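*Asks:* File protein_7.cif below, mmCIF, C-alpha atoms:
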data_target
#
loop_
_atom_site.label_atom_id
_atom_site.label_comp_id
_atom_site.auth_asym_id
_atom_site.auth_seq_id
_atom_site.Cartn_x
_atom_site.Cartn_y
_atom_site.Cartn_z
CA MET A 1 -80.80 100.20 53.45
CA ASP A 2 -82.29 97.05 51.90
CA ARG A 3 -79.06 95.10 51.71
CA GLY A 4 -77.45 94.15 54.97
CA VAL A 5 -74.15 92.97 56.37
CA LEU A 6 -73.23 89.32 56.79
CA ALA A 7 -70.51 88.60 59.34
CA ALA A 8 -68.52 85.54 60.36
CA SER A 9 -65.42 84.67 62.35
CA GLY A 10 -63.57 81.66 63.65
CA ASP A 11 -61.15 81.93 66.56
CA VAL A 12 -61.59 83.83 69.80
CA GLY A 13 -59.40 86.80 68.88
CA GLY A 14 -61.35 87.45 65.72
CA ALA A 15 -64.67 87.09 67.52
CA ARG A 16 -63.70 89.60 70.19
CA SER A 17 -62.56 92.05 67.51
CA LEU A 18 -65.74 91.66 65.52
CA ILE A 19 -68.18 92.29 68.39
CA PRO A 20 -67.50 96.06 68.75
CA VAL A 21 -67.85 96.48 64.98
CA LEU A 22 -71.19 94.70 64.98
CA GLU A 23 -72.36 96.92 67.82
CA GLU A 24 -71.51 100.05 65.86
CA LEU A 25 -73.22 98.76 62.72
CA CYS A 26 -76.38 98.11 64.72
CA LYS A 27 -76.22 101.61 66.18
CA GLU A 28 -76.18 102.90 62.62
CA LYS A 29 -79.37 100.88 62.05
CA LEU A 30 -77.79 98.58 59.49
CA MET A 31 -79.22 95.08 59.36
CA VAL A 32 -76.50 92.69 60.51
CA GLN A 33 -76.68 88.92 60.22
CA VAL A 34 -74.05 86.89 62.01
CA ILE A 35 -73.30 83.24 61.34
CA ALA A 36 -73.32 81.19 64.54
CA HIS A 37 -69.92 79.64 63.96
CA GLY A 38 -67.02 79.37 66.39
CA TYR A 39 -66.48 81.61 69.39
CA ILE A 40 -68.68 84.46 68.12
CA SER A 41 -71.76 82.58 69.37
CA LYS A 42 -70.61 83.09 72.96
CA TYR A 43 -70.44 86.87 72.64
CA LEU A 44 -73.49 87.76 70.57
CA GLN A 45 -75.77 87.87 73.58
CA GLN A 46 -74.10 91.08 74.74
CA ILE A 47 -75.48 92.93 71.71
CA LYS A 48 -79.02 94.07 72.37
CA SER A 49 -80.40 95.29 69.06
CA ASP A 50 -83.33 94.69 66.76
CA PHE A 51 -80.91 95.08 63.86
CA LEU A 52 -78.95 91.94 64.74
CA ALA A 53 -79.97 88.47 63.61
CA VAL A 54 -78.17 85.17 64.08
CA ILE A 55 -78.31 82.62 61.29
CA PRO A 56 -77.29 78.93 61.36
CA ASP A 57 -73.78 77.71 60.74
CA GLY A 58 -74.08 76.57 57.13
CA ILE A 59 -74.22 77.74 53.54
CA ASP A 60 -77.93 77.35 52.81
CA ALA A 61 -78.93 80.50 54.67
CA VAL A 62 -76.13 82.45 52.99
CA ASP A 63 -77.11 81.26 49.53
CA LYS A 64 -80.67 82.36 50.25
CA LEU A 65 -79.48 85.83 51.23
CA ILE A 66 -77.50 86.17 48.03
CA LYS A 67 -80.30 84.78 45.88
CA ASN A 68 -82.77 87.27 47.36
CA GLU A 69 -80.24 90.09 46.89
CA LYS A 70 -80.32 90.88 50.59
CA LEU A 71 -76.57 90.75 51.11
CA GLY A 72 -74.69 94.01 50.62
CA VAL A 73 -71.30 93.17 52.10
CA TYR A 74 -69.55 90.29 53.82
CA LEU A 75 -67.38 91.05 56.85
CA PHE A 76 -65.11 88.41 58.33
CA THR A 77 -62.08 88.01 60.56
CA ALA A 78 -59.03 86.09 59.43
CA SER A 79 -58.16 83.03 61.53
CA VAL A 80 -55.04 81.05 62.23
CA LYS A 81 -56.62 77.63 61.61
CA ASP A 82 -60.40 77.90 61.17
CA ILE A 83 -61.12 77.99 57.42
CA TYR A 84 -64.91 78.54 57.59
CA ALA A 85 -65.04 82.33 57.31
CA LEU A 86 -62.38 82.40 54.58
CA SER A 87 -64.11 79.70 52.55
CA LEU A 88 -67.34 81.67 52.77
CA ALA A 89 -65.49 84.80 51.63
CA ARG A 90 -64.48 83.06 48.43
CA ARG A 91 -68.05 81.88 47.92
CA VAL A 92 -69.70 85.27 48.29
CA ARG A 93 -67.00 86.94 46.17
CA GLU A 94 -67.94 84.58 43.33
CA ARG A 95 -71.49 85.93 43.66
CA GLY A 96 -70.28 89.52 43.29
CA VAL A 97 -70.60 90.51 46.95
CA PRO A 98 -67.93 92.93 48.33
CA VAL A 99 -65.76 91.45 51.09
CA ILE A 100 -64.09 93.14 54.05
CA CYS A 101 -61.52 91.27 56.14
CA LEU A 102 -60.65 92.42 59.65
CA LEU A 103 -57.18 91.49 60.90
CA ASP A 104 -57.14 91.35 64.69
CA SER A 105 -53.48 90.41 65.18
CA PRO A 106 -50.69 91.82 62.99
CA VAL A 107 -49.05 88.50 62.15
CA ARG A 108 -49.43 85.98 59.34
CA TYR A 109 -50.95 88.54 56.99
CA LYS A 110 -50.99 86.24 53.96
CA GLU A 111 -51.09 82.87 55.73
CA ARG A 112 -54.46 83.68 57.28
CA LEU A 113 -55.85 84.22 53.80
CA GLU A 114 -54.39 80.96 52.47
CA ILE A 115 -55.24 78.51 55.28
CA ASP A 116 -57.76 76.69 53.11
CA GLY A 117 -54.96 75.62 50.78
CA LEU A 118 -56.00 77.94 47.95
CA PRO A 119 -54.20 80.98 46.51
CA THR A 120 -54.14 84.13 48.64
CA PHE A 121 -57.58 85.69 48.97
CA TYR A 122 -57.50 89.46 48.50
CA PRO A 123 -60.54 91.13 50.07
CA ASP A 124 -61.93 94.38 48.73
CA ILE A 125 -60.85 95.99 52.01
CA TYR A 126 -58.32 94.60 54.47
CA THR A 127 -58.49 96.47 57.79
CA LEU A 128 -55.33 96.66 59.88
CA PRO A 129 -54.71 97.59 63.52
CA SER A 130 -51.76 99.99 63.09
CA ASP A 131 -49.52 101.95 60.75
CA ASP A 132 -46.77 99.39 61.33
CA ALA A 133 -49.15 96.67 60.19
CA LEU A 134 -49.81 98.66 57.02
CA LEU A 135 -46.11 98.78 56.18
CA GLU A 136 -45.74 95.07 56.84
CA ALA A 137 -48.78 94.20 54.73
CA LEU A 138 -47.27 96.14 51.84
CA GLN A 139 -44.07 94.14 52.21
CA TYR A 140 -46.13 90.97 51.89
CA GLY A 141 -47.41 92.20 48.54
CA PHE A 142 -50.91 93.39 49.40
CA PRO A 143 -52.20 96.13 47.09
CA GLU A 144 -52.12 99.48 48.87
CA ASN A 145 -55.59 100.42 47.65
CA ILE A 146 -57.27 97.65 49.67
CA LEU A 147 -55.49 98.40 52.96
CA ARG A 148 -57.11 100.51 55.68
CA VAL A 149 -55.72 101.35 59.11
CA THR A 150 -58.68 101.28 61.49
CA GLY A 151 -57.10 100.50 64.84
CA HIS A 152 -58.05 97.45 66.87
CA PRO A 153 -61.83 97.31 67.48
CA ALA A 154 -61.46 95.28 70.69
CA PHE A 155 -59.50 98.18 72.20
CA SER A 156 -62.16 100.78 71.41
CA SER A 157 -63.49 100.78 74.99
CA LEU A 158 -60.11 101.07 76.74
CA GLU A 159 -60.36 104.81 77.40
CA GLU A 160 -63.79 104.46 78.98
CA GLU A 161 -62.68 101.46 81.03
CA TRP A 162 -59.53 103.26 82.19
CA ILE A 163 -61.51 106.29 83.34
CA SER A 164 -63.95 104.06 85.20
CA TRP A 165 -61.12 102.13 86.84
CA SER A 166 -59.23 105.28 87.78
CA GLU A 167 -62.28 106.85 89.38
CA ASN A 168 -63.68 103.81 91.17
CA LYS A 169 -61.46 100.76 91.49
CA ARG A 170 -57.94 102.06 91.97
CA GLU A 171 -58.56 103.37 95.49
CA LEU A 172 -60.38 100.17 96.46
CA ILE A 173 -57.51 97.99 95.26
CA ILE A 174 -54.94 100.11 97.07
CA ARG A 175 -56.99 100.03 100.28
CA ASP A 176 -57.77 96.32 100.20
CA ASN A 177 -54.12 95.38 99.60
CA ASN A 178 -52.67 97.88 102.09
CA TRP A 179 -50.63 99.51 99.36
CA ILE A 180 -49.29 103.02 99.50
CA ASP A 181 -50.26 105.49 96.79
CA SER A 182 -46.74 105.68 95.35
CA ARG A 183 -46.56 101.97 94.53
CA LYS A 184 -46.45 101.35 90.80
CA LEU A 185 -49.05 99.08 89.27
CA LEU A 186 -48.12 96.74 86.41
CA LEU A 187 -50.66 95.46 83.90
CA PHE A 188 -50.02 92.11 82.22
CA VAL A 189 -51.87 91.51 78.96
CA SER A 190 -51.94 88.13 77.26
CA GLU A 191 -53.62 86.68 74.21
CA PRO A 192 -56.23 84.01 75.16
CA VAL A 193 -54.11 81.21 73.72
CA GLU A 194 -55.76 78.41 75.68
CA MET A 195 -59.23 79.50 74.54
CA ASP A 196 -57.96 79.64 70.97
CA GLN A 197 -55.90 76.46 70.78
CA GLY A 198 -56.82 74.41 73.82
CA GLY A 199 -54.85 73.68 76.95
CA THR A 200 -53.70 70.13 76.31
CA ASP A 201 -52.52 68.04 73.37
CA SER A 202 -55.91 66.32 73.35
CA SER A 203 -57.42 69.48 71.90
CA GLU A 204 -57.98 69.42 68.12
CA LEU A 205 -56.28 72.78 67.65
CA PHE A 206 -53.46 72.35 70.20
#
Render the structure in this file as C-alpha cells.
*Replies:*
Amino acid sequence: MDRGVLAASGDVGGARSLIPVLEELCKEKLMVQVIAHGYISKYLQQIKSDFLAVIPDGIDAVDKLIKNEKLGVYLFTASVKDIYALSLARRVRERGVPVICLLDSPVRYKERLEIDGLPTFYPDIYTLPSDDALLEALQYGFPENILRVTGHPAFSSLEEEWISWSENKRELIIRDNNWIDSRKLLLFVSEPVEMDQGGTDSSELF
C-alpha cells in the first residue's frame, strides 16, 4: 500500500485508545505516521515496528504528505479541550483525505467535534465503544452510515491480562496479605483525570 495512515491525538484517554490501534495497523504492515503532539509521544516507544514513523508536531510535514499523495487516511481521537487533532481533521478533509475519528469515552459526542469553535465536524467514520454509545450518537444527530461500534481499543488486552493475573498474581497477593481464598476482591477503575487536566488550579487545563 503506497498511501499510509496519519494519526494524531490530544489528551491522555485518546492517546491510550489510539496505541492499540496503531499496533494492529503496524502488524498489518501498513505505514503509520504519528504526529508527536500531546500525550501520544509518551506511549509511542512501546510500539516496536519498522512501519511506524513519528513526525513533528506541525502542519508542514502533513502538507508534504498530502502534496506527495502519501496520505491515505487520517485517524484521530476526539478530545475534551485539545483542538489540534480536530483542526488537522478539517485541514486534511479539505484536501480530500478520508477521516476516521475514534471516540474513547462515550460522552460529549458533538462537543468534542466542535471544541475549535466551528460547526460540528462529521468524520467519514466515527468509531464508538458500545451499542449504547451508538444509540446516543444517533440521538445527537449523527448520520447512522458513519457510525461504527468497534469496542474500546484500550480494553483489547483485558482478557490476556486477566488470564495472566489469575494464573500468576492472584495467589501471590492472597499469600502476601494473609487473605483467605474466599475473600472477595474489588477492582476500582478510574479515568486518569489528573494526567488529563492537571492536579491543581495552576494547570492550564484544570
*Asks:* What does the distance between atom CA of A:Leu187 and atom CA of A:Thr150 come to in Å, to one decimal place?
*Replies:*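 One can read the atom CA of A:Leu187 to atom CA of A:Thr150 distance as 24.5 Å.
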*Asks:* One number please: atom CA of A:Val21 to atom CA of A:Pro153, in Å, one decimal.
*Replies:*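 Atom CA of A:Pro153 lies 6.6 Å from atom CA of A:Val21.
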*Asks:* Where does the PyMOL selection byres ((chain A and resi 30) around 7) land in this file, that is, which residues does it pick, as a PyMOL selection string?
*Replies:* chain A and resi 1+4+25-26+28-29+31-32+51
*Asks:* Would you compute the distance between atom CA of A:Tyr140 and atom CA of A:Ile35? Give it in Å to one decimal.
*Replies:* 29.8 Å
*Asks:* Compare A:Ser164, A:Gln139, A:Ser41, A:Thr127 by their minimum atom-to-atom distance to A:Ala78, counting only C-alpha atoms, and give me the closest one.
*Replies:*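 Among A:Ser164, A:Gln139, A:Ser41, A:Thr127, it is A:Thr127 that comes nearest to A:Ala78.
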*Asks:* From the list A:Val107, A:Ala89, A:Ala154, A:Val149, which residue is nearest A:Ala15 when using only C-alpha atoms?
*Replies:*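 Checking each candidate against A:Ala15, we get A:Ala154 as the closest.
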*Asks:* Find, counting all atoms listed in the file, the residue in A:Leu86, A:Ile19, A:Leu138, A:Ile174 that gets nearest to A:Gln45.
*Replies:*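 Of A:Leu86, A:Ile19, A:Leu138, A:Ile174, the one nearest A:Gln45 is A:Ile19, counting all atoms listed in the file.
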